[in-house]
>>> print(open('protein-v1.cif').read())   # mmCIF, C-alpha atoms
data_upload
loop_
_atom_site.label_atom_id
_atom_site.label_comp_id
_atom_site.auth_asym_id
_atom_site.auth_seq_id
_atom_site.Cartn_x
_atom_site.Cartn_y
_atom_site.Cartn_z
CA MET A 990 60.65 -60.95 -27.70
CA LEU A 991 60.68 -63.65 -25.01
CA ASN A 992 62.72 -66.06 -27.15
CA LEU A 993 65.30 -63.34 -27.79
CA LEU A 994 65.58 -62.55 -24.08
CA ALA A 995 65.78 -66.28 -23.25
CA ARG A 996 68.74 -66.68 -25.62
CA VAL A 997 70.52 -63.90 -23.76
CA PHE A 998 69.72 -64.74 -20.14
CA ILE A 999 69.06 -68.51 -20.02
CA LYS A 1000 71.70 -71.12 -20.76
CA ASP A 1001 70.48 -74.57 -21.84
CA ARG A 1002 67.04 -72.96 -22.25
CA GLU A 1003 65.43 -76.13 -23.70
CA ASN A 1004 66.06 -78.13 -20.51
CA TYR A 1005 62.76 -77.18 -18.84
CA LYS A 1006 63.06 -79.81 -16.08
CA ASP A 1007 66.27 -78.29 -14.74
CA GLY A 1008 65.56 -76.29 -11.57
CA GLU A 1009 67.82 -73.37 -12.48
CA VAL A 1010 66.44 -73.09 -16.02
CA ARG A 1011 62.91 -73.26 -14.64
CA THR A 1012 63.58 -70.47 -12.14
CA ARG A 1013 65.16 -68.24 -14.78
CA TYR A 1014 62.14 -68.66 -17.06
CA GLY A 1015 59.87 -67.72 -14.19
CA LEU A 1016 61.89 -64.62 -13.33
CA LEU A 1017 62.17 -63.57 -16.98
CA CYS A 1018 58.45 -63.97 -17.71
CA SER A 1019 57.51 -62.15 -14.50
CA ALA A 1020 59.87 -59.24 -15.23
CA LEU A 1021 58.53 -58.96 -18.79
CA GLY A 1022 54.99 -59.01 -17.39
CA ILE A 1023 55.78 -56.14 -15.01
CA ALA A 1024 57.21 -54.01 -17.82
CA LEU A 1025 54.35 -54.68 -20.27
CA ASN A 1026 51.62 -54.11 -17.69
CA ILE A 1027 53.11 -50.78 -16.60
CA VAL A 1028 53.18 -49.66 -20.24
CA LEU A 1029 49.56 -50.81 -20.69
CA PHE A 1030 48.49 -49.01 -17.52
CA ALA A 1031 50.00 -45.75 -18.75
CA GLY A 1032 48.39 -46.08 -22.17
CA LYS A 1033 44.93 -46.99 -20.86
CA TYR A 1034 45.05 -44.29 -18.22
CA ILE A 1035 45.60 -41.71 -20.98
CA ALA A 1036 42.77 -43.27 -23.00
CA GLY A 1037 40.49 -43.19 -19.94
CA VAL A 1038 41.22 -39.52 -19.29
CA LEU A 1039 40.63 -38.62 -22.95
CA SER A 1040 37.35 -40.55 -23.20
CA GLY A 1041 36.01 -40.13 -19.66
CA SER A 1042 35.23 -43.84 -19.55
CA VAL A 1043 35.11 -45.57 -16.17
CA ALA A 1044 35.48 -48.93 -17.89
CA ILE A 1045 38.76 -47.89 -19.54
CA ALA A 1046 40.03 -46.35 -16.30
CA ALA A 1047 39.16 -49.52 -14.41
CA ASP A 1048 40.86 -51.60 -17.09
CA ALA A 1049 43.96 -49.42 -16.65
CA VAL A 1050 43.99 -49.99 -12.89
CA ASN A 1051 43.54 -53.69 -13.59
CA ASN A 1052 46.79 -53.63 -15.59
CA LEU A 1053 48.52 -51.90 -12.69
CA SER A 1054 47.34 -54.70 -10.39
CA ASP A 1055 48.62 -57.19 -12.98
CA ALA A 1056 52.05 -55.59 -12.68
CA GLY A 1057 51.80 -56.14 -8.93
CA SER A 1058 50.75 -59.74 -9.57
CA SER A 1059 53.79 -60.27 -11.79
CA LEU A 1060 55.97 -58.80 -9.05
CA ILE A 1061 54.50 -61.33 -6.60
CA SER A 1062 55.20 -64.13 -9.10
CA LEU A 1063 58.77 -62.90 -9.49
CA LEU A 1064 59.30 -62.96 -5.73
CA GLY A 1065 57.62 -66.36 -5.59
CA PHE A 1066 60.02 -67.86 -8.14
CA ARG A 1067 62.99 -66.32 -6.35
CA LEU A 1068 61.95 -67.63 -2.92
CA ALA A 1069 60.89 -71.04 -4.27
CA SER A 1070 64.38 -71.56 -5.73
CA LYS A 1071 66.01 -71.37 -2.29
CA LYS A 1072 67.96 -74.48 -1.34
CA PRO A 1073 66.62 -76.86 1.32
CA ASP A 1074 67.57 -76.00 4.88
CA PRO A 1075 67.23 -77.78 8.28
CA ASP A 1076 63.74 -76.34 8.80
CA HIS A 1077 62.59 -77.10 5.25
CA PRO A 1078 64.40 -80.28 4.11
CA PHE A 1079 62.20 -80.63 1.01
CA GLY A 1080 62.93 -77.11 -0.22
CA HIS A 1081 60.68 -74.08 -0.63
CA GLY A 1082 58.89 -75.02 -3.85
CA ARG A 1083 55.39 -74.58 -2.45
CA ILE A 1084 56.04 -70.83 -2.15
CA GLU A 1085 55.33 -70.74 -5.89
CA TYR A 1086 51.84 -72.08 -5.23
CA LEU A 1087 51.38 -69.43 -2.53
CA SER A 1088 52.46 -66.68 -4.93
CA GLY A 1089 49.96 -67.97 -7.49
CA LEU A 1090 47.25 -67.89 -4.82
CA ALA A 1091 48.22 -64.30 -3.92
CA VAL A 1092 47.88 -63.33 -7.60
CA SER A 1093 44.42 -64.92 -7.64
CA VAL A 1094 43.35 -62.97 -4.54
CA LEU A 1095 44.50 -59.70 -6.15
CA ILE A 1096 42.50 -60.54 -9.27
CA ILE A 1097 39.37 -61.15 -7.18
CA LEU A 1098 39.81 -57.94 -5.17
CA MET A 1099 40.21 -55.96 -8.38
CA GLY A 1100 37.04 -57.55 -9.76
CA VAL A 1101 35.08 -56.57 -6.65
CA GLU A 1102 36.31 -52.97 -6.80
CA LEU A 1103 35.56 -52.70 -10.53
CA PHE A 1104 32.06 -54.08 -9.94
CA ARG A 1105 31.41 -51.44 -7.26
CA THR A 1106 32.70 -48.60 -9.47
CA SER A 1107 30.68 -49.79 -12.45
CA VAL A 1108 27.44 -49.93 -10.45
CA GLU A 1109 28.05 -46.32 -9.38
CA LYS A 1110 28.53 -45.44 -13.08
CA ILE A 1111 25.22 -47.07 -13.94
CA ILE A 1112 23.48 -44.99 -11.28
CA SER A 1113 25.24 -41.77 -12.33
CA PRO A 1114 26.27 -42.17 -16.01
CA GLU A 1115 28.72 -39.78 -17.66
CA GLU A 1116 29.39 -39.11 -21.34
CA VAL A 1117 32.02 -41.31 -22.99
CA LYS A 1118 34.11 -39.75 -25.77
CA ALA A 1119 35.77 -41.88 -28.43
CA SER A 1120 38.95 -40.89 -30.26
CA LEU A 1121 41.40 -42.53 -32.62
CA VAL A 1122 44.05 -42.39 -29.89
CA SER A 1123 41.83 -44.23 -27.40
CA VAL A 1124 40.80 -46.86 -29.95
CA GLY A 1125 44.43 -47.38 -31.01
CA ILE A 1126 45.57 -47.78 -27.40
CA LEU A 1127 42.88 -50.38 -26.69
CA LEU A 1128 43.67 -52.34 -29.87
CA ALA A 1129 47.36 -52.33 -28.97
CA SER A 1130 46.47 -53.46 -25.45
CA ILE A 1131 44.49 -56.42 -26.80
CA ALA A 1132 47.43 -57.47 -28.98
CA VAL A 1133 49.88 -57.22 -26.06
CA LYS A 1134 47.61 -59.21 -23.73
CA VAL A 1135 47.15 -61.97 -26.32
CA TYR A 1136 50.95 -62.18 -26.56
CA MET A 1137 51.25 -62.31 -22.76
CA TRP A 1138 48.61 -65.03 -22.56
CA ALA A 1139 50.41 -67.08 -25.22
CA TYR A 1140 53.90 -66.94 -23.68
CA ASN A 1141 52.70 -67.42 -20.09
CA ARG A 1142 50.62 -70.42 -21.07
CA ALA A 1143 53.36 -71.96 -23.22
CA ILE A 1144 56.16 -71.53 -20.67
CA GLY A 1145 53.84 -72.32 -17.75
CA ARG A 1146 53.01 -75.70 -19.30
CA LYS A 1147 56.62 -76.47 -20.14
CA ILE A 1148 57.91 -75.75 -16.63
CA ASN A 1149 54.68 -76.89 -14.89
CA SER A 1150 54.09 -73.58 -13.09
CA ALA A 1151 50.69 -72.95 -11.46
CA ALA A 1152 51.62 -69.30 -10.91
CA MET A 1153 52.37 -68.69 -14.60
CA LEU A 1154 49.24 -70.53 -15.71
CA ALA A 1155 47.25 -68.30 -13.32
CA THR A 1156 48.88 -65.26 -14.94
CA ALA A 1157 47.99 -66.63 -18.39
CA THR A 1158 44.36 -67.00 -17.30
CA ASP A 1159 44.40 -63.41 -16.07
CA SER A 1160 45.87 -62.19 -19.38
CA LEU A 1161 43.14 -63.96 -21.35
CA SER A 1162 40.50 -62.41 -19.08
CA ASP A 1163 42.09 -58.99 -19.63
CA THR A 1164 41.94 -59.53 -23.40
CA VAL A 1165 38.21 -60.22 -23.27
CA SER A 1166 37.50 -57.33 -20.89
CA THR A 1167 39.46 -54.82 -22.99
CA ALA A 1168 37.67 -55.98 -26.14
CA ILE A 1169 34.33 -55.43 -24.39
CA VAL A 1170 35.44 -51.97 -23.26
CA LEU A 1171 36.41 -51.14 -26.85
CA VAL A 1172 33.02 -52.27 -28.16
CA SER A 1173 31.32 -50.21 -25.45
CA MET A 1174 33.18 -47.06 -26.50
CA LEU A 1175 32.35 -47.59 -30.19
CA VAL A 1176 28.67 -48.24 -29.39
CA SER A 1177 28.57 -45.02 -27.36
CA HIS A 1178 30.18 -43.06 -30.20
CA PHE A 1179 28.15 -44.36 -33.16
CA PHE A 1180 24.80 -45.15 -31.52
CA HIS A 1181 24.84 -42.59 -28.67
CA LEU A 1182 24.04 -45.35 -26.21
CA ASN A 1183 25.88 -45.10 -22.91
CA ILE A 1184 26.53 -48.68 -21.73
CA ASP A 1185 29.85 -47.87 -20.05
CA GLY A 1186 28.71 -48.84 -16.53
CA TRP A 1187 27.04 -52.04 -17.69
CA VAL A 1188 30.16 -53.04 -19.61
CA GLY A 1189 32.19 -52.35 -16.48
CA VAL A 1190 29.98 -54.82 -14.59
CA LEU A 1191 30.49 -57.41 -17.33
CA VAL A 1192 34.27 -56.89 -17.23
CA ALA A 1193 34.17 -57.27 -13.44
CA ILE A 1194 32.39 -60.61 -13.79
CA PHE A 1195 35.06 -61.82 -16.23
CA ILE A 1196 37.79 -60.75 -13.81
CA LEU A 1197 36.09 -62.43 -10.83
CA ARG A 1198 35.69 -65.66 -12.77
CA ALA A 1199 39.35 -65.59 -13.83
CA GLY A 1200 40.38 -65.01 -10.21
CA TYR A 1201 38.24 -67.91 -9.01
CA LEU A 1202 39.66 -70.32 -11.60
CA ALA A 1203 43.23 -69.22 -10.87
CA ALA A 1204 42.69 -69.62 -7.11
CA LYS A 1205 41.23 -73.08 -7.62
CA GLU A 1206 44.21 -74.09 -9.75
CA THR A 1207 46.82 -72.89 -7.24
CA LEU A 1208 45.01 -73.92 -4.05
CA SER A 1209 44.52 -77.53 -5.14
CA PRO A 1210 48.20 -78.61 -4.92
CA LEU A 1211 48.52 -76.85 -1.55
CA LEU A 1212 45.68 -79.01 -0.23
CA GLY A 1213 47.29 -82.17 -1.60
CA LYS A 1214 45.51 -83.01 -4.87
CA ALA A 1215 45.75 -86.47 -6.42
CA PRO A 1216 48.54 -86.98 -8.99
CA GLU A 1217 47.73 -86.67 -12.67
CA LYS A 1218 46.62 -89.87 -14.40
CA GLU A 1219 49.51 -89.63 -16.87
CA LEU A 1220 52.05 -89.48 -14.02
CA VAL A 1221 50.56 -92.55 -12.32
CA GLU A 1222 50.59 -94.46 -15.59
CA SER A 1223 54.23 -93.50 -16.19
CA ILE A 1224 55.23 -94.68 -12.70
CA GLU A 1225 53.40 -97.98 -13.10
CA SER A 1226 54.90 -98.53 -16.56
CA ILE A 1227 58.47 -97.99 -15.31
CA VAL A 1228 58.00 -100.15 -12.20
CA LEU A 1229 56.32 -103.07 -13.95
CA ALA A 1230 59.00 -103.03 -16.67
CA CYS A 1231 61.44 -104.28 -14.00
CA PRO A 1232 61.71 -108.09 -14.46
CA GLN A 1233 61.87 -108.71 -10.70
CA VAL A 1234 58.58 -106.86 -10.01
CA CYS A 1235 55.30 -108.75 -10.39
CA GLY A 1236 52.90 -106.20 -8.89
CA ILE A 1237 52.56 -102.73 -7.40
CA HIS A 1238 50.41 -101.19 -4.65
CA ASP A 1239 50.34 -98.45 -2.00
CA LEU A 1240 51.52 -95.82 -4.50
CA ILE A 1241 51.68 -92.33 -2.97
CA VAL A 1242 52.92 -89.13 -4.65
CA HIS A 1243 53.97 -86.20 -2.43
CA ASP A 1244 54.16 -82.77 -4.10
CA TYR A 1245 56.55 -80.27 -2.47
CA GLY A 1246 56.40 -77.82 -5.36
CA PRO A 1247 56.96 -77.98 -9.13
CA GLY A 1248 59.83 -80.35 -9.89
CA ARG A 1249 59.93 -81.59 -6.28
CA LEU A 1250 58.03 -84.88 -6.21
CA ILE A 1251 58.54 -87.77 -3.80
CA VAL A 1252 57.13 -91.12 -4.89
CA SER A 1253 56.70 -94.06 -2.53
CA LEU A 1254 55.30 -97.49 -3.43
CA HIS A 1255 55.34 -101.18 -2.62
CA ALA A 1256 56.70 -103.47 -5.33
CA GLU A 1257 55.74 -107.15 -5.14
CA VAL A 1258 58.69 -109.50 -5.74
CA ASP A 1259 59.26 -113.26 -5.67
CA GLY A 1260 59.75 -114.23 -2.03
CA SER A 1261 61.93 -117.17 -3.02
CA GLY A 1262 64.34 -115.08 -5.11
CA ASP A 1263 67.83 -113.93 -4.22
CA ILE A 1264 67.32 -111.00 -1.82
CA TYR A 1265 70.58 -109.30 -2.83
CA GLU A 1266 69.75 -109.53 -6.54
CA ILE A 1267 66.23 -108.19 -5.95
CA HIS A 1268 67.53 -105.39 -3.73
CA ASP A 1269 69.95 -104.34 -6.47
CA ALA A 1270 67.09 -104.32 -8.99
CA ILE A 1271 65.01 -102.14 -6.66
CA ASP A 1272 67.92 -99.69 -6.30
CA ASN A 1273 68.15 -99.48 -10.10
CA LEU A 1274 64.38 -99.00 -10.28
CA GLU A 1275 64.54 -96.02 -7.90
CA ARG A 1276 67.24 -94.44 -10.09
CA ASP A 1277 65.16 -95.09 -13.23
CA LEU A 1278 62.18 -93.31 -11.70
CA LYS A 1279 64.35 -90.36 -10.67
CA GLU A 1280 65.89 -89.97 -14.14
CA ALA A 1281 62.61 -90.38 -16.02
CA LEU A 1282 60.30 -88.32 -13.80
CA SER A 1283 62.69 -86.01 -11.88
CA CYS A 1284 61.43 -87.35 -8.57
CA LEU A 1285 62.78 -88.91 -5.40
CA ALA A 1286 61.54 -92.51 -5.34
CA VAL A 1287 61.30 -94.86 -2.36
CA VAL A 1288 60.39 -98.44 -3.29
CA HIS A 1289 59.53 -101.03 -0.62
CA MET A 1290 60.10 -104.70 -1.48
CA ASP A 1291 56.99 -106.77 -0.76
CA PRO A 1292 57.74 -110.53 -1.03
CA VAL A 1293 54.97 -112.81 -2.33
CA ASP A 1294 54.87 -116.58 -2.70
CA LEU A 1295 54.70 -117.32 -6.42
CA ARG A 1296 55.20 -121.09 -6.09
CA ASP A 1297 52.22 -122.01 -3.93
CA GLU A 1298 49.52 -122.76 -6.51
CA VAL A 1299 46.82 -123.34 -3.89
CA CYS A 1300 47.51 -119.92 -2.34
CA ALA A 1301 47.62 -118.29 -5.78
CA LYS A 1302 44.22 -119.73 -6.73
CA ALA A 1303 42.72 -118.69 -3.41
CA ARG A 1304 44.10 -115.16 -3.85
CA GLU A 1305 42.58 -114.92 -7.32
CA ALA A 1306 39.23 -116.17 -6.03
CA VAL A 1307 39.18 -113.64 -3.17
CA ALA A 1308 40.19 -110.83 -5.54
CA GLU A 1309 37.24 -111.65 -7.79
CA MET A 1310 34.91 -111.94 -4.80
CA VAL A 1311 35.70 -108.48 -3.39
CA LYS A 1312 35.00 -106.97 -6.81
CA THR A 1313 31.40 -108.13 -6.46
CA LEU A 1314 31.21 -105.76 -3.47
CA ASP A 1315 32.81 -102.89 -5.40
CA ASP A 1316 34.73 -103.46 -8.63
CA ARG A 1317 37.28 -100.79 -7.61
CA ILE A 1318 38.49 -102.68 -4.51
CA THR A 1319 41.82 -104.48 -4.90
CA ILE A 1320 43.76 -106.76 -2.54
CA HIS A 1321 47.44 -107.48 -1.85
CA ASP A 1322 49.73 -109.22 0.65
CA PHE A 1323 47.53 -112.33 0.56
CA ARG A 1324 48.44 -115.28 2.85
CA MET A 1325 46.76 -118.51 3.92
CA VAL A 1326 47.10 -119.91 7.45
CA PRO A 1327 45.42 -123.35 7.67
CA GLY A 1328 44.10 -124.55 11.06
CA THR A 1329 42.31 -127.57 12.47
CA THR A 1330 38.88 -125.93 12.37
CA HIS A 1331 39.24 -123.21 9.73
CA THR A 1332 41.64 -121.43 7.40
CA ASN A 1333 42.49 -117.76 7.76
CA TYR A 1334 42.70 -115.68 4.59
CA ILE A 1335 44.92 -112.76 5.59
CA PHE A 1336 45.17 -109.81 3.18
CA ASP A 1337 45.04 -106.05 2.71
CA ALA A 1338 42.05 -104.56 0.89
CA VAL A 1339 42.50 -101.20 -0.85
CA LEU A 1340 39.41 -98.98 -0.91
CA PRO A 1341 39.14 -96.49 -3.79
CA VAL A 1342 39.18 -92.72 -3.42
CA GLY A 1343 35.69 -91.44 -2.64
CA MET A 1344 34.33 -94.66 -1.15
CA ILE A 1345 32.25 -93.38 1.77
CA ILE A 1346 32.50 -96.13 4.36
CA SER A 1347 34.49 -96.43 7.57
CA ASP A 1348 37.43 -98.82 7.83
CA GLU A 1349 35.60 -100.93 10.41
CA GLU A 1350 32.50 -101.17 8.22
CA ALA A 1351 34.61 -102.15 5.21
CA LYS A 1352 36.53 -104.72 7.25
CA LYS A 1353 33.30 -106.37 8.49
CA MET A 1354 31.73 -106.29 5.01
CA ILE A 1355 34.70 -108.03 3.38
CA SER A 1356 35.25 -110.51 6.25
CA ASP A 1357 31.57 -111.54 6.18
CA ALA A 1358 31.78 -111.96 2.40
CA VAL A 1359 34.83 -114.25 2.77
CA SER A 1360 33.01 -116.48 5.28
CA GLN A 1361 29.93 -116.59 3.04
CA HIS A 1362 31.75 -117.37 -0.22
CA PHE A 1363 34.42 -119.70 1.19
CA PRO A 1364 32.99 -122.08 3.81
CA GLY A 1365 35.50 -122.93 6.53
CA CYS A 1366 37.50 -119.77 5.89
CA PHE A 1367 37.75 -116.57 7.90
CA GLY A 1368 38.87 -113.23 6.51
CA VAL A 1369 41.52 -111.35 8.46
CA VAL A 1370 41.41 -108.03 6.64
CA ASN A 1371 43.50 -104.89 6.91
CA ILE A 1372 42.01 -101.82 5.22
CA ASP A 1373 44.13 -99.52 3.04
CA ARG A 1374 43.01 -96.36 1.24
CA SER A 1375 44.06 -95.43 -2.28
CA TYR A 1376 45.69 -92.01 -2.79
CA ILE A 1377 45.63 -91.97 -6.59
#
>>> encode(input="protein-v1.cif", output="structure tokens")
Amino acid sequence: MLNLLARVFIKDRENYKDGEVRTRYGLLCSALGIALNIVLFAGKYIAGVLSGSVAIAADAVNNLSDAGSSLISLLGFRLASKKPDPDHPFGHGRIEYLSGLAVSVLIILMGVELFRTSVEKIISPEEVKASLVSVGILLASIAVKVYMWAYNRAIGRKINSAAMLATATDSLSDTVSTAIVLVSMLVSHFFHLNIDGWVGVLVAIFILRAGYLAAKETLSPLLGKAPEKELVESIESIVLACPQVCGIHDLIVHDYGPGRLIVSLHAEVDGSGDIYEIHDAIDNLERDLKEALSCLAVVHMDPVDLRDEVCAKAREAVAEMVKTLDDRITIHDFRMVPGTTHTNYIFDAVLPVGMIISDEEAKKMISDAVSQHFPGCFGVVNIDRSYI
């Protein structure tokens, strides 16, 4: 169904990185989700009335909340596609993350309400009646939810949408909960064992877990999570493929919403080279990054002396020495300034993510190590932090 609708409403539908195509997929999937969830709500509500099952009735209300979640996702995609303006020069892409978080909150609230209702049903149980109509509706609901999970997950991955992946997680949770409700009704019918309230509690736990996972997935980029390893490797591969670049450091990735990345980095280049030629190569490198990764790239030229063999050997020795302190520490911008009484080794040391030590403590630790390992030398250290 989705592929047929995509052929009708989305031009160039295979170009998932295009902002317009991405938005149209989001709107289409959200609209389809609203329609299917309303149909499921109506069907399950009828089944709940016929059977008298609180679990089925709660599952029906859950589908109604899913329709509301899809409506939020639809609005999120529409607002996120707004063009940049003076107040928001990087666009409105993070609204999509906010809509995904809103969906997660609705899932959690529905889980809490279902848990409360189910506990009441355990305390005051009522007879559950099974019928072919009710069983058929639940089986059809499972099939529809599996389909919704599949298309939301597939499209969500292709267009890198946290909101759609949250919806996919919710659909999978709904599939499990409806299956449990169905088993509960059959057990009540064939074994005369009323477990309706207990099953409602179990369904509530599934829903709460799905809401928690979805919230975690959508909240992380809002808080500024580290870039994916594959993205970092792709950036490094493209940058180091440039003949004029001999090293890379201070890589930072800013996420302003799906498809709205800004990459900044320092590229080490030969300080004795032609500055105009190197600058042209850096311009080309920024364009290569933009075309390959759909990002805005800012590359800073960092000149290094590649001809001074003494400096190069000293740099290598210091780099090996700092790894004895922590093998994740790296250095860059190394210079030697000889004096009459001592030589200054001036460099930046990059501390890894998660290294619990203050900048001043790290500076003293590395400077003391330089003096100890290289007699007659002082370490003049600037501390950097890694963001990848």
>>> residues_around(input="protein-v1.cif", residues="A:Ser1088", least_positions_apart="6", cutoff="6 Å", atoms="all atoms listed in the file", output="list of chain:residue names")
A:Ile1061, A:Ser1062, A:Gly1065
>>> residues_near_point(input="protein-v1.cif", point="(38.5, -39.4, -26.6)", cutoff="12 Å", atoms="all atoms listed in the file", output="VMD selection string")
chain A and resid 1033 to 1042 1045 1116 to 1127 1171 1174 to 1175 1177 to 1178
>>> resolve_selection(input="protein-v1.cif", expression="the PyMOL selection byres ((chain A and resi 1141) around 8)", output="VMD selection string")
chain A and resid 1018 1137 to 1140 1142 to 1145 1153 to 1154 1156 to 1157
>>> resolve_selection(input="protein-v1.cif", expression="the PyMOL selection byres ((chain A and resi 1255-1268) around 7)", output="MDAnalysis selection string")
chainID A and resid 1233:1240 1254 1269:1272 1288:1295
>>> closest_residue(input="protein-v1.cif", among="A:Leu1017, A:Leu1098, A:Leu1220, A:Ile1111", to="A:Leu1250", atoms="all atoms listed in the file")
A:Leu1220
>>> resolve_selection(input="protein-v1.cif", expression="the PyMOL selection byres ((chain A and resi 1251) around 10)", output="number ranges by chain")
A: 1079, 1241-1245, 1248-1250, 1252-1253, 1279, 1283-1287
>>> atom_distance(input="protein-v1.cif", atom1="atom CA of A:Gly1015", atom2="atom CA of A:Ala1152")
9.0 Å
>>> atom_distance(input="protein-v1.cif", atom1="atom CA of A:Val1028", atom2="atom CA of A:Ser1054")
12.5 Å
>>> residues_around(input="protein-v1.cif", residues="A:Leu1103", least_positions_apart="4", cutoff="12 Å", atoms="all atoms listed in the file", output="VMD selection string")
chain A and resid 1043 to 1051 1054 1096 to 1099 1107 to 1110 1166 1186 to 1197
>>> residues_near_point(input="protein-v1.cif", point="(61.4, -70.1, -15.5)", cutoff="10 Å", atoms="only C-alpha atoms", output="list in words")
Ala995, Ile999, Arg1002, Tyr1005, Lys1006, Asp1007, Gly1008, Glu1009, Val1010, Arg1011, Thr1012, Arg1013, Tyr1014, Gly1015, Leu1016, Leu1017, Cys1018, Ser1019, Leu1063, Phe1066, Ile1144, Gly1145, Lys1147, Ile1148, Asn1149, Ser1150 and Met1153 of chain A
>>> atom_distance(input="protein-v1.cif", atom1="atom CA of A:Gly1100", atom2="atom CA of A:Pro1210")
24.3 Å
>>> closest_residue(input="protein-v1.cif", among="A:Ala1351, A:Val1170, A:Met1310, A:Ile1224", to="A:Glu1275", atoms="only C-alpha atoms")
A:Ile1224
>>> closest_residue(input="protein-v1.cif", among="A:Val1369, A:Leu1278, A:Ala1020, A:Val1326", to="A:Leu1060", atoms="all atoms listed in the file")
A:Ala1020
>>> residues_around(input="protein-v1.cif", residues="A:Ser1356", least_positions_apart="6", cutoff="8 Å", atoms="only C-alpha atoms", output="PDB file with C-alpha atoms, in the frame of the given file")
ATOM      1  CA  PHE A1367      37.750-116.570   7.900  1.00  0.00           C
ATOM      2  CA  GLY A1368      38.870-113.230   6.510  1.00  0.00           C
ATOM      3  CA  VAL A1369      41.520-111.350   8.460  1.00  0.00           C
ATOM      4  CA  VAL A1370      41.410-108.030   6.640  1.00  0.00           C
TER       5      VAL A1370
END
>>> closest_residue(input="protein-v1.cif", among="A:Val1307, A:Glu1102, A:Val1133, A:Arg1317", to="A:Ser1360", atoms="only C-alpha atoms")
A:Val1307
>>> closest_residue(input="protein-v1.cif", among="A:His1321, A:Asn1371, A:Leu1029, A:Leu1090", to="A:Ala1132", atoms="only C-alpha atoms")
A:Leu1029
>>> residues_around(input="protein-v1.cif", residues="A:Lys1205", least_positions_apart="2", cutoff="12 Å", atoms="all atoms listed in the file", output="list of chain:residue names")
A:Tyr1086, A:Leu1087, A:Gly1089, A:Leu1090, A:Ala1091, A:Val1092, A:Ser1093, A:Val1094, A:Ala1151, A:Ala1152, A:Leu1154, A:Ala1155, A:Thr1158, A:Arg1198, A:Ala1199, A:Gly1200, A:Tyr1201, A:Leu1202, A:Ala1203, A:Thr1207, A:Leu1208, A:Ser1209, A:Pro1210, A:Leu1211, A:Leu1212, A:Lys1214
>>> closest_residue(input="protein-v1.cif", among="A:Ser1160, A:Ser1059, A:Ser1130, A:Asn1273", to="A:Gly1032", atoms="only C-alpha atoms")
A:Ser1130
>>> closest_atom_pairs(input="protein-v1.cif", of="stretch 1239-1324 of chain A", to="stretch 1336-1343 of chain A", cutoff="6 Å", atoms="all atoms listed in the file", output="CSV")
residue,atom,partner,partner_atom,distance
A:Ile1318,CA,A:Leu1340,CA,5.2
A:Thr1319,CA,A:Val1339,CA,5.3
A:Ile1320,CA,A:Ala1338,CA,4.4
A:His1321,CA,A:Asp1337,CA,5.3
A:Asp1322,CA,A:Phe1336,CA,5.2
A:Phe1323,CA,A:Phe1336,CA,4.3
>>> axis_aligned_box(input="protein-v1.cif", around="stretch 1292-1297 of chain A", padding_each_side="6 Å", output="lines of an AutoDock Vina configuration file")
center_x = 55.0
center_y = -116.3
center_z = -3.7
size_x = 17.5
size_y = 23.5
size_z = 17.4
